[in-house]
file work.tsv (TSV, C-alpha atoms)
chain	number	residue	atom	x	y	z
A	1	MET	CA	0.00	0.00	0.00
A	2	ALA	CA	1.28	3.48	-0.89
A	3	LYS	CA	2.03	6.01	1.81
A	4	GLN	CA	0.94	9.58	1.15
A	5	ASN	CA	2.45	12.50	3.06
A	6	ALA	CA	0.93	15.94	3.66
A	7	PRO	CA	1.13	18.06	0.51
A	8	PHE	CA	3.50	20.92	-0.22
A	9	THR	CA	1.26	23.90	-1.10
A	10	ILE	CA	2.20	26.61	-3.59
A	11	ASN	CA	0.13	29.83	-3.77
A	12	VAL	CA	0.67	32.07	-6.79
A	13	GLY	CA	-2.05	34.74	-6.79
A	14	ARG	CA	-5.73	35.18	-7.73
A	15	GLY	CA	-6.46	32.34	-5.31
A	16	ILE	CA	-4.66	29.81	-7.52
A	17	LYS	CA	-2.73	27.09	-5.73
A	18	SER	CA	-1.08	23.79	-6.45
A	19	LYS	CA	-0.44	20.99	-4.01
A	20	VAL	CA	2.42	18.58	-4.56
A	21	TRP	CA	1.80	15.16	-3.05
A	22	MET	CA	4.75	12.83	-2.43
A	23	ASN	CA	3.80	9.17	-2.41
A	24	THR	CA	5.92	6.15	-1.51
A	25	GLY	CA	5.21	2.51	-2.14
A	26	LYS	CA	6.72	-0.75	-3.29
A	27	LYS	CA	7.76	0.81	-6.59
A	28	GLY	CA	9.49	3.78	-4.93
A	29	THR	CA	8.58	7.44	-4.65
A	30	TRP	CA	6.39	9.40	-7.06
A	31	TYR	CA	4.70	12.78	-7.06
A	32	ASN	CA	1.21	13.96	-8.00
A	33	VAL	CA	-0.02	17.53	-8.30
A	34	THR	CA	-3.49	19.01	-7.83
A	35	PHE	CA	-4.62	22.53	-8.74
A	36	ALA	CA	-7.42	24.66	-7.33
A	37	ARG	CA	-8.80	28.17	-7.30
A	38	CYS	CA	-9.80	29.31	-3.83
A	39	TYR	CA	-12.74	31.69	-3.36
A	40	ARG	CA	-15.25	32.76	-0.70
A	41	ASP	CA	-18.84	31.62	-1.10
A	42	ASP	CA	-21.93	33.70	-0.25
A	43	ASP	CA	-21.59	32.69	3.42
A	44	GLY	CA	-17.96	33.85	3.55
A	45	GLU	CA	-16.61	30.31	3.70
A	46	PHE	CA	-13.55	29.37	1.64
A	47	GLN	CA	-14.19	26.92	-1.18
A	48	ASP	CA	-11.98	25.34	-3.85
A	49	SER	CA	-12.89	25.12	-7.52
A	50	ASP	CA	-11.22	23.36	-10.43
A	51	SER	CA	-12.70	25.81	-12.93
A	52	TYR	CA	-10.57	28.68	-14.21
A	53	SER	CA	-11.25	31.90	-16.11
A	54	ARG	CA	-9.09	33.31	-18.87
A	55	ASP	CA	-7.45	35.64	-16.34
A	56	ASP	CA	-6.50	32.65	-14.15
A	57	LEU	CA	-4.64	30.74	-16.84
A	58	LEU	CA	-1.23	32.40	-16.51
A	59	HIS	CA	-1.40	31.96	-12.74
A	60	LEU	CA	-2.31	28.32	-13.27
A	61	ALA	CA	0.69	27.92	-15.58
A	62	ARG	CA	2.90	29.54	-12.94
A	63	ALA	CA	1.56	27.14	-10.29
A	64	ALA	CA	2.38	24.22	-12.61
A	65	GLU	CA	5.89	25.57	-13.20
A	66	LYS	CA	6.54	26.01	-9.47
A	67	ALA	CA	5.21	22.49	-8.78
A	68	PHE	CA	7.52	21.12	-11.49
A	69	ASP	CA	10.49	22.95	-9.94
A	70	HIS	CA	9.63	21.68	-6.45
A	71	ILE	CA	9.41	18.08	-7.64
A	72	ASN	CA	12.74	18.38	-9.46
A	73	GLU	CA	14.36	19.79	-6.30
A	74	GLN	CA	13.01	16.83	-4.30
A	75	LEU	CA	14.24	14.33	-6.89
A	76	HIS	CA	17.66	16.02	-6.98
A	77	SER	CA	17.97	15.91	-3.17
A	78	GLU	CA	17.02	12.19	-3.20
A	79	ASP	CA	19.93	11.52	-5.59
A	80	GLU	CA	22.48	13.04	-3.21

call {"tool": "encode", "arguments": {"input": "work.tsv", "output": "structure tokens"}}
result
Amino acid sequence: MAKQNAPFTINVGRGIKSKVWMNTGKKGTWYNVTFARCYRDDDGEFQDSDSYSRDDLLHLARAAEKAFDHINEQLHSEDE
């Protein structure tokens, strides 16, 4: 069974975030990434959405780039 640690969260603006999940199992370590846009609902509660407007797309790309960089840093540190 795979072990999943708490995610590393990256916030980039406009409520866009990515979470990098490190998983370990019999086949070694691998990473997954999720993306969300955080907003407040009518009751003032924070919610996450996986729907993005045109103005969110560059922030989403930046979140993906930062997640990619984080994973590469983790893989590089594992090699040392």

call {"tool": "closest_residue", "arguments": {"input": "work.tsv", "among": "A:Phe46, A:Tyr31, A:Ser51, A:Thr24", "to": "Phe68 in chain A", "atoms": "all atoms listed in the file"}}
result
A:Tyr31

call {"tool": "residues_around", "arguments": {"input": "work.tsv", "residues": "range 71-77 of chain A", "least_positions_apart": "5", "cutoff": "9 Å", "atoms": "all atoms listed in the file", "output": "ChimeraX atom specification"}}
result
/A:20,22,31,66

call {"tool": "atom_distance", "arguments": {"input": "work.tsv", "atom1": "CA of Lys17 in chain A", "atom2": "CA of Trp30 in chain A"}}
result
19.9 Å

call {"tool": "atom_distance", "arguments": {"input": "work.tsv", "atom1": "CA of Cys38 in chain A", "atom2": "CA of Arg14 in chain A"}}
result
8.1 Å

call {"tool": "closest_residue", "arguments": {"input": "work.tsv", "among": "A:Asn23, A:Gln47, A:Glu78, A:Val12", "to": "His59 in chain A", "atoms": "all atoms listed in the file"}}
result
A:Val12

call {"tool": "atom_distance", "arguments": {"input": "work.tsv", "atom1": "CA of His70 in chain A", "atom2": "CA of Phe8 in chain A"}}
result
8.8 Å
